[in-house]
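Colleague: Before anything else, here's the structure in question.
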Amino acid sequence: VTANNFGLTPGVGFGVAEMIELSAKAVELAKEARDGAGREHVRVACSLPPLVESYRPDLVMKDEARGTDIYRQLGLATAADADLFMAETLSSVREMSMAVRAVQNLGKPIFASWTLREDGRLRSGETVKEAVLALLELTEMSQCLEGIMFNCCEPESVSQAFNELLTADNPARGRMLKRSVKLGANPNALTPVDPTWTLAENPELQPFRTDLSPSAFVTSFARIWASQIPSGLILGGCCGLGPEYISALYKLRQDLSR
């Protein structure tokens, strides 16, 4: 369960102190809901979101020390209730490095999730191989990295990223296996997002695709990913991939376990 703190950022008008206070409350409420449901085995994640704008590597906070400090404050304020950190929808190696560097010594596992362009590269244009190798190097000492994921992008982009990582001669995949780092994806059902998109200038909802039913998603993507990554694959959904898609993924998991 990821706490509902993704939208609590300076980029949408929250002061840092307000962001930290409300994020801590969001994680606390997620933990209370988990415990109240009697599902103690379910882990609660604190989101480490883009601090300025999603999908826009050119708008990533220029002051890296300040960005790292904000993420660290967020980590310290939520570590008591969060079981892990989910750095998600980040668009470049630099943005991910700020988030991970800030919390990697707080004793919690980290899942690192990038958003991708249509060609399977990070929104910054960096390759998945470059990004994964940089992240593995950053976390070599702390050994905090539990999963590498791709989210809030088209499933076609995820397929390209997986194909790149899973080539036999890719050193990134070998190092991931050696450290038991999982792979996963939470794709969306949005039409492609314009590279110049910003939330402030685009208050209308991004249109959803009409060609990605739950069955089409499982048949064309999830089942193939499961055959490529038979162990440790983590799958879910981002914008537009709601409960009916998660139900279809659960049914796929049941089918594959028989």
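Lettering and numbering for the structure tokens are positional, with chains as A, B, ... in the shown order, residues counted from 1 in each chain, and ligands counted from 1 in the shown order.
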Need to verify the contact set: Met98 of chain A, 12 Å, only C-alpha atoms, exclusion of same-chain residues closer than 5 positions in sequence. Can you return it as a list in words?

Modeller: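 Once the nearby chain positions are removed, what remains is Leu48, Pro49, Pro50, Leu51, Val60, Met61, Lys62, Asp63, Glu64, Ala65, Arg66, Gly67, Thr68, Asp69, Ile70, Tyr71, Arg72, Ala87, Leu90, Ser91, Ser92, Val93, Val103, Gln104, Ala112, Leu135 and Leu138 of chain A.
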
Colleague: Skipping near chain neighbours, those fewer than 4 positions away, what residues fall within 8 Å of Trp197 of chain A using only C-alpha atoms, listed as a ChimeraX atom specification?

Modeller: /A:55-56,193,201-202

Colleague: List the spatial neighbours of Gly147 of chain A as a ChimeraX atom specification - criterion: any atom at most 10 Å away, only C-alpha atoms, same-chain residues fewer than 5 positions off excluded.

Modeller: /A:86,109-113,176,180-184,232-234

Colleague: Next, write the just-selected residues to a file, as a CSV table (one decimal), in the first residue's frame, keeping all heavy atoms as the atom set.

Modeller:
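Below is the file that was written, again-v3.csv:
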```
chain,number,residue,atom,x,y,z
A,86,MET,N,9.1,4.4,-1.7
A,86,MET,CA,8.8,4.2,-3.2
A,86,MET,C,9.1,5.5,-3.9
A,86,MET,O,8.3,6.5,-3.9
A,86,MET,CB,7.3,3.8,-3.4
A,86,MET,CG,6.9,3.8,-4.9
A,86,MET,SD,7.7,2.4,-5.8
A,86,MET,CE,6.7,1.0,-5.3
A,109,PRO,N,13.9,-0.5,3.0
A,109,PRO,CA,14.1,-0.9,1.6
A,109,PRO,C,13.6,0.2,0.7
A,109,PRO,O,12.7,1.0,1.1
A,109,PRO,CB,13.2,-2.2,1.5
A,109,PRO,CG,12.9,-2.6,2.8
A,109,PRO,CD,13.0,-1.4,3.7
A,110,ILE,N,14.1,0.3,-0.5
A,110,ILE,CA,13.7,1.3,-1.5
A,110,ILE,C,13.4,0.6,-2.8
A,110,ILE,O,14.1,-0.3,-3.3
A,110,ILE,CB,14.9,2.3,-1.7
A,110,ILE,CG1,15.2,3.1,-0.5
A,110,ILE,CG2,14.5,3.3,-2.8
A,110,ILE,CD1,16.4,4.0,-0.6
A,111,PHE,N,12.2,1.0,-3.3
A,111,PHE,CA,11.8,0.7,-4.7
A,111,PHE,C,12.0,2.0,-5.5
A,111,PHE,O,11.5,3.0,-5.2
A,111,PHE,CB,10.4,0.2,-4.8
A,111,PHE,CG,10.2,-1.2,-4.3
A,111,PHE,CD1,10.2,-1.5,-2.9
A,111,PHE,CD2,10.1,-2.3,-5.2
A,111,PHE,CE1,10.0,-2.8,-2.5
A,111,PHE,CE2,10.0,-3.6,-4.7
A,111,PHE,CZ,9.9,-3.8,-3.4
A,112,ALA,N,12.7,1.9,-6.6
A,112,ALA,CA,13.0,3.0,-7.5
A,112,ALA,C,12.3,2.8,-8.8
A,112,ALA,O,12.5,1.9,-9.5
A,112,ALA,CB,14.5,3.1,-7.7
A,113,SER,N,11.4,3.8,-9.1
A,113,SER,CA,10.6,3.7,-10.3
A,113,SER,C,10.7,4.9,-11.2
A,113,SER,O,10.3,6.0,-10.8
A,113,SER,CB,9.1,3.4,-9.9
A,113,SER,OG,8.3,3.1,-11.0
A,176,MET,N,21.8,-6.9,-10.9
A,176,MET,CA,20.5,-7.0,-10.2
A,176,MET,C,20.3,-8.4,-9.7
A,176,MET,O,19.9,-8.5,-8.5
A,176,MET,CB,19.4,-6.6,-11.2
A,176,MET,CG,19.3,-5.1,-11.5
A,176,MET,SD,18.0,-4.7,-12.7
A,176,MET,CE,16.5,-5.2,-11.6
A,180,SER,N,19.8,-9.7,-5.9
A,180,SER,CA,18.3,-10.0,-5.7
A,180,SER,C,17.4,-8.8,-5.8
A,180,SER,O,16.4,-8.7,-5.0
A,180,SER,CB,18.1,-10.8,-4.3
A,180,SER,OG,18.9,-11.9,-4.3
A,181,VAL,N,17.7,-7.9,-6.7
A,181,VAL,CA,16.9,-6.7,-6.9
A,181,VAL,C,15.8,-7.1,-7.9
A,181,VAL,O,16.0,-7.6,-9.0
A,181,VAL,CB,17.7,-5.6,-7.5
A,181,VAL,CG1,16.8,-4.4,-7.8
A,181,VAL,CG2,18.8,-5.1,-6.5
A,182,LYS,N,14.5,-6.9,-7.5
A,182,LYS,CA,13.4,-7.3,-8.3
A,182,LYS,C,13.1,-6.3,-9.4
A,182,LYS,O,13.5,-5.1,-9.3
A,182,LYS,CB,12.1,-7.4,-7.4
A,182,LYS,CG,12.3,-8.4,-6.2
A,182,LYS,CD,11.0,-8.4,-5.4
A,182,LYS,CE,11.1,-9.3,-4.2
A,182,LYS,NZ,12.0,-8.9,-3.2
A,183,LEU,N,12.3,-6.7,-10.4
A,183,LEU,CA,11.9,-5.9,-11.5
A,183,LEU,C,10.4,-5.8,-11.4
A,183,LEU,O,9.7,-6.7,-11.0
A,183,LEU,CB,12.3,-6.5,-12.8
A,183,LEU,CG,13.5,-6.0,-13.5
A,183,LEU,CD1,13.8,-6.7,-14.8
A,183,LEU,CD2,13.5,-4.5,-13.8
A,184,GLY,N,9.9,-4.6,-11.8
A,184,GLY,CA,8.4,-4.5,-11.8
A,184,GLY,C,7.9,-3.3,-12.6
A,184,GLY,O,8.7,-2.5,-13.2
A,232,GLY,N,9.9,-13.1,-9.0
A,232,GLY,CA,10.1,-11.8,-8.4
A,232,GLY,C,9.6,-10.6,-9.2
A,232,GLY,O,9.8,-9.5,-8.8
A,233,LEU,N,8.7,-10.9,-10.2
A,233,LEU,CA,8.1,-9.8,-11.0
A,233,LEU,C,7.0,-9.1,-10.1
A,233,LEU,O,6.2,-9.8,-9.5
A,233,LEU,CB,7.6,-10.3,-12.3
A,233,LEU,CG,6.8,-9.3,-13.2
A,233,LEU,CD1,7.8,-8.2,-13.6
A,233,LEU,CD2,6.1,-10.0,-14.3
A,234,ILE,N,7.0,-7.8,-10.1
A,234,ILE,CA,6.0,-7.0,-9.4
A,234,ILE,C,5.2,-6.2,-10.4
A,234,ILE,O,5.8,-5.4,-11.2
A,234,ILE,CB,6.7,-6.0,-8.4
A,234,ILE,CG1,7.6,-6.7,-7.4
A,234,ILE,CG2,5.6,-5.2,-7.7
A,234,ILE,CD1,8.5,-5.8,-6.6
```

Colleague: Tell me, which residues of segment 94-126 of chain A carry DSSP helix (DSSP H, G or I), written as a list in words?

Modeller: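 Matching residues for helix (DSSP H, G or I) in segment 94-126 of chain A are Arg94, Glu95, Met96, Ser97, Met98, Ala99, Val100, Arg101, Ala102 and Val103 of chain A.
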
Colleague: Give me a file of those residues, with C-alpha atoms, as a PDB file, in the first residue's frame.

Modeller:
```
ATOM      1  CA  ARG A  94      19.829  12.875 -11.313  1.00  0.00           C
ATOM      2  CA  GLU A  95      16.312  13.098  -9.892  1.00  0.00           C
ATOM      3  CA  MET A  96      16.406   9.482  -8.715  1.00  0.00           C
ATOM      4  CA  SER A  97      19.832   9.973  -7.173  1.00  0.00           C
ATOM      5  CA  MET A  98      18.571  12.891  -5.069  1.00  0.00           C
ATOM      6  CA  ALA A  99      15.696  10.830  -3.681  1.00  0.00           C
ATOM      7  CA  VAL A 100      17.626   7.627  -3.035  1.00  0.00           C
ATOM      8  CA  ARG A 101      20.705   9.316  -1.608  1.00  0.00           C
ATOM      9  CA  ALA A 102      18.498  11.106   0.916  1.00  0.00           C
ATOM     10  CA  VAL A 103      16.906   8.007   2.443  1.00  0.00           C
TER      11      VAL A 103
END
```

Colleague: List the neighbours of segment 208-215 of chain A out to 12 Å using only C-alpha atoms; skip same-chain residues closer than 5 positions along the sequence, and give me the result as a PDB file with N, CA, C and O atoms, in the first residue's frame.

Modeller:
```pdb
ATOM      1  N   CYS A 153       3.687   5.276 -17.454  1.00  0.00           N
ATOM      2  CA  CYS A 153       4.056   5.345 -18.858  1.00  0.00           C
ATOM      3  C   CYS A 153       3.333   4.209 -19.578  1.00  0.00           C
ATOM      4  O   CYS A 153       2.746   3.332 -18.954  1.00  0.00           O
ATOM      5  N   GLU A 154       3.359   4.225 -20.893  1.00  0.00           N
ATOM      6  CA  GLU A 154       2.660   3.213 -21.662  1.00  0.00           C
ATOM      7  C   GLU A 154       3.274   1.825 -21.452  1.00  0.00           C
ATOM      8  O   GLU A 154       4.500   1.700 -21.308  1.00  0.00           O
ATOM      9  N   PRO A 155       2.471   0.776 -21.439  1.00  0.00           N
ATOM     10  CA  PRO A 155       3.040  -0.569 -21.300  1.00  0.00           C
ATOM     11  C   PRO A 155       4.002  -0.920 -22.426  1.00  0.00           C
ATOM     12  O   PRO A 155       4.925  -1.711 -22.226  1.00  0.00           O
ATOM     13  N   GLU A 156       3.799  -0.330 -23.599  1.00  0.00           N
ATOM     14  CA  GLU A 156       4.736  -0.565 -24.693  1.00  0.00           C
ATOM     15  C   GLU A 156       6.142  -0.085 -24.308  1.00  0.00           C
ATOM     16  O   GLU A 156       7.150  -0.713 -24.673  1.00  0.00           O
ATOM     17  N   PRO A 187       2.352   0.445 -15.135  1.00  0.00           N
ATOM     18  CA  PRO A 187       2.091   1.303 -16.295  1.00  0.00           C
ATOM     19  C   PRO A 187       0.750   2.014 -16.177  1.00  0.00           C
ATOM     20  O   PRO A 187      -0.057   1.709 -15.288  1.00  0.00           O
ATOM     21  N   ASN A 188       0.506   2.956 -17.082  1.00  0.00           N
ATOM     22  CA  ASN A 188      -0.776   3.647 -17.085  1.00  0.00           C
ATOM     23  C   ASN A 188      -1.567   3.342 -18.348  1.00  0.00           C
ATOM     24  O   ASN A 188      -1.105   2.617 -19.228  1.00  0.00           O
ATOM     25  N   ALA A 189      -2.772   3.911 -18.402  1.00  0.00           N
ATOM     26  CA  ALA A 189      -3.640   3.737 -19.571  1.00  0.00           C
ATOM     27  C   ALA A 189      -3.893   5.072 -20.255  1.00  0.00           C
ATOM     28  O   ALA A 189      -4.917   5.268 -20.907  1.00  0.00           O
ATOM     29  N   LEU A 190      -2.945   6.001 -20.109  1.00  0.00           N
ATOM     30  CA  LEU A 190      -3.088   7.317 -20.718  1.00  0.00           C
ATOM     31  C   LEU A 190      -2.610   7.309 -22.165  1.00  0.00           C
ATOM     32  O   LEU A 190      -1.771   6.494 -22.558  1.00  0.00           O
ATOM     33  N   THR A 191      -3.137   8.224 -22.953  1.00  0.00           N
ATOM     34  CA  THR A 191      -2.541   8.493 -24.251  1.00  0.00           C
ATOM     35  C   THR A 191      -1.193   9.172 -24.013  1.00  0.00           C
ATOM     36  O   THR A 191      -0.946   9.710 -22.928  1.00  0.00           O
ATOM     37  N   PRO A 192      -0.279   9.136 -24.989  1.00  0.00           N
ATOM     38  CA  PRO A 192       1.058   9.707 -24.765  1.00  0.00           C
ATOM     39  C   PRO A 192       1.005  11.156 -24.290  1.00  0.00           C
ATOM     40  O   PRO A 192       0.237  11.971 -24.806  1.00  0.00           O
ATOM     41  N   VAL A 193       1.831  11.452 -23.285  1.00  0.00           N
ATOM     42  CA  VAL A 193       1.868  12.786 -22.686  1.00  0.00           C
ATOM     43  C   VAL A 193       2.870  13.656 -23.443  1.00  0.00           C
ATOM     44  O   VAL A 193       3.996  13.240 -23.714  1.00  0.00           O
ATOM     45  N   SER A 220      -1.463  -8.907 -23.968  1.00  0.00           N
ATOM     46  CA  SER A 220      -0.420  -8.281 -24.783  1.00  0.00           C
ATOM     47  C   SER A 220       0.816  -7.868 -24.005  1.00  0.00           C
ATOM     48  O   SER A 220       1.876  -7.650 -24.601  1.00  0.00           O
ATOM     49  N   PHE A 221       0.677  -7.768 -22.684  1.00  0.00           N
ATOM     50  CA  PHE A 221       1.791  -7.246 -21.893  1.00  0.00           C
ATOM     51  C   PHE A 221       2.111  -8.089 -20.656  1.00  0.00           C
ATOM     52  O   PHE A 221       3.179  -8.683 -20.568  1.00  0.00           O
ATOM     53  N   ALA A 222       1.193  -8.135 -19.707  1.00  0.00           N
ATOM     54  CA  ALA A 222       1.515  -8.741 -18.406  1.00  0.00           C
ATOM     55  C   ALA A 222       1.922 -10.205 -18.527  1.00  0.00           C
ATOM     56  O   ALA A 222       2.872 -10.662 -17.879  1.00  0.00           O
ATOM     57  N   ARG A 223       1.212 -10.967 -19.357  1.00  0.00           N
ATOM     58  CA  ARG A 223       1.554 -12.391 -19.498  1.00  0.00           C
ATOM     59  C   ARG A 223       2.940 -12.557 -20.119  1.00  0.00           C
ATOM     60  O   ARG A 223       3.707 -13.455 -19.736  1.00  0.00           O
ATOM     61  N   GLY A 236       1.529  -3.884 -11.154  1.00  0.00           N
ATOM     62  CA  GLY A 236       0.375  -3.159 -10.664  1.00  0.00           C
ATOM     63  C   GLY A 236      -0.082  -2.186 -11.727  1.00  0.00           C
ATOM     64  O   GLY A 236       0.143  -2.408 -12.915  1.00  0.00           O
ATOM     65  N   GLY A 237      -0.704  -1.101 -11.304  1.00  0.00           N
ATOM     66  CA  GLY A 237      -1.197  -0.134 -12.271  1.00  0.00           C
ATOM     67  C   GLY A 237      -1.074   1.283 -11.757  1.00  0.00           C
ATOM     68  O   GLY A 237      -1.121   1.527 -10.556  1.00  0.00           O
ATOM     69  N   CYS A 238      -0.921   2.217 -12.689  1.00  0.00           N
ATOM     70  CA  CYS A 238      -0.902   3.638 -12.374  1.00  0.00           C
ATOM     71  C   CYS A 238      -2.171   4.253 -12.982  1.00  0.00           C
ATOM     72  O   CYS A 238      -3.208   3.592 -13.039  1.00  0.00           O
ATOM     73  N   CYS A 239      -2.109   5.490 -13.441  1.00  0.00           N
ATOM     74  CA  CYS A 239      -3.292   6.230 -13.880  1.00  0.00           C
ATOM     75  C   CYS A 239      -4.111   5.450 -14.910  1.00  0.00           C
ATOM     76  O   CYS A 239      -3.608   5.080 -15.976  1.00  0.00           O
ATOM     77  N   GLY A 240      -5.376   5.202 -14.578  1.00  0.00           N
ATOM     78  CA  GLY A 240      -6.284   4.548 -15.509  1.00  0.00           C
ATOM     79  C   GLY A 240      -6.320   3.039 -15.425  1.00  0.00           C
ATOM     80  O   GLY A 240      -7.227   2.414 -15.970  1.00  0.00           O
ATOM     81  N   LEU A 241      -5.365   2.432 -14.760  1.00  0.00           N
ATOM     82  CA  LEU A 241      -5.373   0.982 -14.569  1.00  0.00           C
ATOM     83  C   LEU A 241      -5.931   0.704 -13.175  1.00  0.00           C
ATOM     84  O   LEU A 241      -5.197   0.537 -12.222  1.00  0.00           O
ATOM     85  N   GLY A 242      -7.251   0.660 -13.102  1.00  0.00           N
ATOM     86  CA  GLY A 242      -7.945   0.567 -11.832  1.00  0.00           C
ATOM     87  C   GLY A 242      -8.200  -0.841 -11.369  1.00  0.00           C
ATOM     88  O   GLY A 242      -7.544  -1.803 -11.810  1.00  0.00           O
ATOM     89  N   PRO A 243      -9.183  -1.018 -10.471  1.00  0.00           N
ATOM     90  CA  PRO A 243      -9.420  -2.319  -9.830  1.00  0.00           C
ATOM     91  C   PRO A 243      -9.656  -3.466 -10.797  1.00  0.00           C
ATOM     92  O   PRO A 243      -9.236  -4.596 -10.531  1.00  0.00           O
ATOM     93  N   GLU A 244     -10.319  -3.186 -11.922  1.00  0.00           N
ATOM     94  CA  GLU A 244     -10.581  -4.281 -12.853  1.00  0.00           C
ATOM     95  C   GLU A 244      -9.291  -4.812 -13.467  1.00  0.00           C
ATOM     96  O   GLU A 244      -9.180  -6.014 -13.776  1.00  0.00           O
ATOM     97  N   TYR A 245      -8.305  -3.956 -13.629  1.00  0.00           N
ATOM     98  CA  TYR A 245      -7.007  -4.393 -14.140  1.00  0.00           C
ATOM     99  C   TYR A 245      -6.242  -5.173 -13.075  1.00  0.00           C
ATOM    100  O   TYR A 245      -5.596  -6.185 -13.385  1.00  0.00           O
ATOM    101  N   ILE A 246      -6.312  -4.704 -11.841  1.00  0.00           N
ATOM    102  CA  ILE A 246      -5.638  -5.410 -10.755  1.00  0.00           C
ATOM    103  C   ILE A 246      -6.265  -6.790 -10.564  1.00  0.00           C
ATOM    104  O   ILE A 246      -5.569  -7.783 -10.308  1.00  0.00           O
ATOM    105  N   SER A 247      -7.585  -6.870 -10.723  1.00  0.00           N
ATOM    106  CA  SER A 247      -8.264  -8.164 -10.645  1.00  0.00           C
ATOM    107  C   SER A 247      -7.776  -9.102 -11.747  1.00  0.00           C
ATOM    108  O   SER A 247      -7.556 -10.297 -11.512  1.00  0.00           O
ATOM    109  N   ALA A 248      -7.598  -8.559 -12.955  1.00  0.00           N
ATOM    110  CA  ALA A 248      -7.103  -9.374 -14.063  1.00  0.00           C
ATOM    111  C   ALA A 248      -5.669  -9.840 -13.802  1.00  0.00           C
ATOM    112  O   ALA A 248      -5.298 -10.973 -14.132  1.00  0.00           O
ATOM    113  N   LEU A 249      -4.853  -8.980 -13.190  1.00  0.00           N
ATOM    114  CA  LEU A 249      -3.490  -9.379 -12.838  1.00  0.00           C
ATOM    115  C   LEU A 249      -3.500 -10.478 -11.782  1.00  0.00           C
ATOM    116  O   LEU A 249      -2.691 -11.412 -11.837  1.00  0.00           O
ATOM    117  N   TYR A 250      -4.413 -10.368 -10.834  1.00  0.00           N
ATOM    118  CA  TYR A 250      -4.509 -11.393  -9.785  1.00  0.00           C
ATOM    119  C   TYR A 250      -4.909 -12.737 -10.399  1.00  0.00           C
ATOM    120  O   TYR A 250      -4.364 -13.784 -10.027  1.00  0.00           O
ATOM    121  N   LYS A 251      -5.852 -12.692 -11.337  1.00  0.00           N
ATOM    122  CA  LYS A 251      -6.267 -13.937 -12.009  1.00  0.00           C
ATOM    123  C   LYS A 251      -5.099 -14.522 -12.796  1.00  0.00           C
ATOM    124  O   LYS A 251      -4.886 -15.754 -12.813  1.00  0.00           O
ATOM    125  N   LEU A 252      -4.304 -13.681 -13.444  1.00  0.00           N
ATOM    126  CA  LEU A 252      -3.112 -14.163 -14.158  1.00  0.00           C
ATOM    127  C   LEU A 252      -2.160 -14.822 -13.189  1.00  0.00           C
ATOM    128  O   LEU A 252      -1.608 -15.911 -13.479  1.00  0.00           O
TER     129      LEU A 252
END
```

Colleague: Run DSSP on the backbone of this structure and report the residues of segment 18-133 of chain A it assigns to strand (DSSP E or B), as a list in words.

Modeller: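 Residues of segment 18-133 of chain A classed as strand (DSSP E or B): Ala45, Cys46, Ser47, Leu48, Leu84, Phe85, Met86, Ala87, Glu88, Thr89, Leu90, Ile110, Phe111, Ala112, Ser113, Trp114, Leu116 and Leu122 of chain A.
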
Colleague: Write a file of the just-selected residues containing N, CA, C and O atoms, as a PDB file, in the first residue's frame.

Modeller:
```
ATOM      1  N   ALA A  45       4.185   1.864   2.005  1.00  0.00           N
ATOM      2  CA  ALA A  45       5.255   2.625   1.356  1.00  0.00           C
ATOM      3  C   ALA A  45       4.988   4.118   1.465  1.00  0.00           C
ATOM      4  O   ALA A  45       3.851   4.570   1.296  1.00  0.00           O
ATOM      5  N   CYS A  46       6.025   4.875   1.736  1.00  0.00           N
ATOM      6  CA  CYS A  46       5.966   6.325   1.617  1.00  0.00           C
ATOM      7  C   CYS A  46       6.444   6.697   0.222  1.00  0.00           C
ATOM      8  O   CYS A  46       7.523   6.277  -0.204  1.00  0.00           O
ATOM      9  N   SER A  47       5.639   7.469  -0.497  1.00  0.00           N
ATOM     10  CA  SER A  47       6.019   7.907  -1.834  1.00  0.00           C
ATOM     11  C   SER A  47       7.081   8.995  -1.762  1.00  0.00           C
ATOM     12  O   SER A  47       7.006   9.920  -0.943  1.00  0.00           O
ATOM     13  N   LEU A  48       8.086   8.887  -2.622  1.00  0.00           N
ATOM     14  CA  LEU A  48       9.068   9.949  -2.847  1.00  0.00           C
ATOM     15  C   LEU A  48       8.808  10.472  -4.259  1.00  0.00           C
ATOM     16  O   LEU A  48       9.339   9.943  -5.237  1.00  0.00           O
ATOM     17  N   LEU A  84       8.731   0.913   3.781  1.00  0.00           N
ATOM     18  CA  LEU A  84       9.651   1.077   2.661  1.00  0.00           C
ATOM     19  C   LEU A  84       9.407   2.428   2.023  1.00  0.00           C
ATOM     20  O   LEU A  84       8.399   3.105   2.285  1.00  0.00           O
ATOM     21  N   PHE A  85      10.333   2.822   1.154  1.00  0.00           N
ATOM     22  CA  PHE A  85      10.188   4.045   0.377  1.00  0.00           C
ATOM     23  C   PHE A  85      10.000   3.678  -1.097  1.00  0.00           C
ATOM     24  O   PHE A  85      10.687   2.802  -1.619  1.00  0.00           O
ATOM     25  N   MET A  86       9.065   4.395  -1.749  1.00  0.00           N
ATOM     26  CA  MET A  86       8.809   4.203  -3.170  1.00  0.00           C
ATOM     27  C   MET A  86       9.119   5.506  -3.895  1.00  0.00           C
ATOM     28  O   MET A  86       8.332   6.460  -3.890  1.00  0.00           O
ATOM     29  N   ALA A  87      10.304   5.584  -4.499  1.00  0.00           N
ATOM     30  CA  ALA A  87      10.676   6.735  -5.318  1.00  0.00           C
ATOM     31  C   ALA A  87      10.051   6.519  -6.688  1.00  0.00           C
ATOM     32  O   ALA A  87      10.491   5.655  -7.443  1.00  0.00           O
ATOM     33  N   GLU A  88       9.015   7.292  -7.020  1.00  0.00           N
ATOM     34  CA  GLU A  88       8.210   6.947  -8.190  1.00  0.00           C
ATOM     35  C   GLU A  88       7.961   8.122  -9.134  1.00  0.00           C
ATOM     36  O   GLU A  88       7.988   9.278  -8.733  1.00  0.00           O
ATOM     37  N   THR A  89       7.771   7.768 -10.396  1.00  0.00           N
ATOM     38  CA  THR A  89       7.494   8.718 -11.472  1.00  0.00           C
ATOM     39  C   THR A  89       8.632   9.713 -11.633  1.00  0.00           C
ATOM     40  O   THR A  89       8.420  10.865 -12.002  1.00  0.00           O
ATOM     41  N   LEU A  90       9.843   9.283 -11.343  1.00  0.00           N
ATOM     42  CA  LEU A  90      11.004  10.148 -11.515  1.00  0.00           C
ATOM     43  C   LEU A  90      11.521  10.001 -12.944  1.00  0.00           C
ATOM     44  O   LEU A  90      11.370   8.953 -13.570  1.00  0.00           O
ATOM     45  N   ILE A 110      14.140   0.287  -0.482  1.00  0.00           N
ATOM     46  CA  ILE A 110      13.737   1.301  -1.464  1.00  0.00           C
ATOM     47  C   ILE A 110      13.350   0.610  -2.768  1.00  0.00           C
ATOM     48  O   ILE A 110      14.057  -0.271  -3.255  1.00  0.00           O
ATOM     49  N   PHE A 111      12.214   1.046  -3.316  1.00  0.00           N
ATOM     50  CA  PHE A 111      11.835   0.697  -4.678  1.00  0.00           C
ATOM     51  C   PHE A 111      12.006   1.959  -5.519  1.00  0.00           C
ATOM     52  O   PHE A 111      11.499   3.024  -5.150  1.00  0.00           O
ATOM     53  N   ALA A 112      12.723   1.852  -6.619  1.00  0.00           N
ATOM     54  CA  ALA A 112      13.027   2.999  -7.469  1.00  0.00           C
ATOM     55  C   ALA A 112      12.294   2.836  -8.791  1.00  0.00           C
ATOM     56  O   ALA A 112      12.509   1.853  -9.505  1.00  0.00           O
ATOM     57  N   SER A 113      11.432   3.799  -9.120  1.00  0.00           N
ATOM     58  CA  SER A 113      10.577   3.655 -10.304  1.00  0.00           C
ATOM     59  C   SER A 113      10.673   4.892 -11.192  1.00  0.00           C
ATOM     60  O   SER A 113      10.350   6.005 -10.768  1.00  0.00           O
ATOM     61  N   TRP A 114      11.117   4.671 -12.414  1.00  0.00           N
ATOM     62  CA  TRP A 114      11.197   5.750 -13.399  1.00  0.00           C
ATOM     63  C   TRP A 114       9.989   5.753 -14.318  1.00  0.00           C
ATOM     64  O   TRP A 114       9.393   4.708 -14.597  1.00  0.00           O
ATOM     65  N   LEU A 116       8.892   6.571 -18.320  1.00  0.00           N
ATOM     66  CA  LEU A 116       9.615   6.382 -19.575  1.00  0.00           C
ATOM     67  C   LEU A 116       8.970   7.125 -20.742  1.00  0.00           C
ATOM     68  O   LEU A 116       7.758   7.381 -20.742  1.00  0.00           O
ATOM     69  N   LEU A 122      14.362   6.760 -20.351  1.00  0.00           N
ATOM     70  CA  LEU A 122      13.871   7.683 -19.351  1.00  0.00           C
ATOM     71  C   LEU A 122      13.420   8.966 -20.036  1.00  0.00           C
ATOM     72  O   LEU A 122      13.861   9.273 -21.151  1.00  0.00           O
TER      73      LEU A 122
END
```

Colleague: How far is it from atom CA of Ala37 of chain A to atom CA of Ala82 of chain A, in Å with one decimal?

Modeller: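 Result for atom CA of Ala37 of chain A versus atom CA of Ala82 of chain A: 16.6 Å, one decimal.
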
Colleague: Which residue, A:Leu59, A:Met19, A:Ala131, A:Leu256, has the smallest gap to Thr78 of chain A when you use only C-alpha atoms?

Modeller: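 Checking each of A:Leu59, A:Met19, A:Ala131, A:Leu256 against Thr78 of chain A, counting only C-alpha atoms, the winner is A:Met19.
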
Colleague: Identify, on the basis of only C-alpha atoms, every residue whose closest approach to Leu133 of chain A does not exceed 9 Å; exclude the query and any residue fewer than 5 positions from it along the same chain; express the result as a list of chain:residue names.

Modeller: A:Val128, A:Leu138, A:Pro171, A:Ala172, A:Arg173, A:Arg175

Colleague: For a quick check of understanding, using only C-alpha atoms, which of A:Leu199, A:Leu22, A:Ile148, A:Ala80 has the smallest distance to Leu235 of chain A?

Modeller: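 Using only C-alpha atoms, the shortest distance to Leu235 of chain A belongs to A:Ile148.
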
Colleague: To one decimal place, how far is atom CA of Ala226 of chain A from atom CA of Lys178 of chain A in Å?

Modeller: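 Atom-to-atom, atom CA of Ala226 of chain A to atom CA of Lys178 of chain A, that is 19.9 Å.
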
Colleague: With only C-alpha atoms as the atoms that count, which of A:Val27, A:Leu145, A:Val158, A:Leu74 lies nearest to Arg121 of chain A?

Modeller: A:Val158
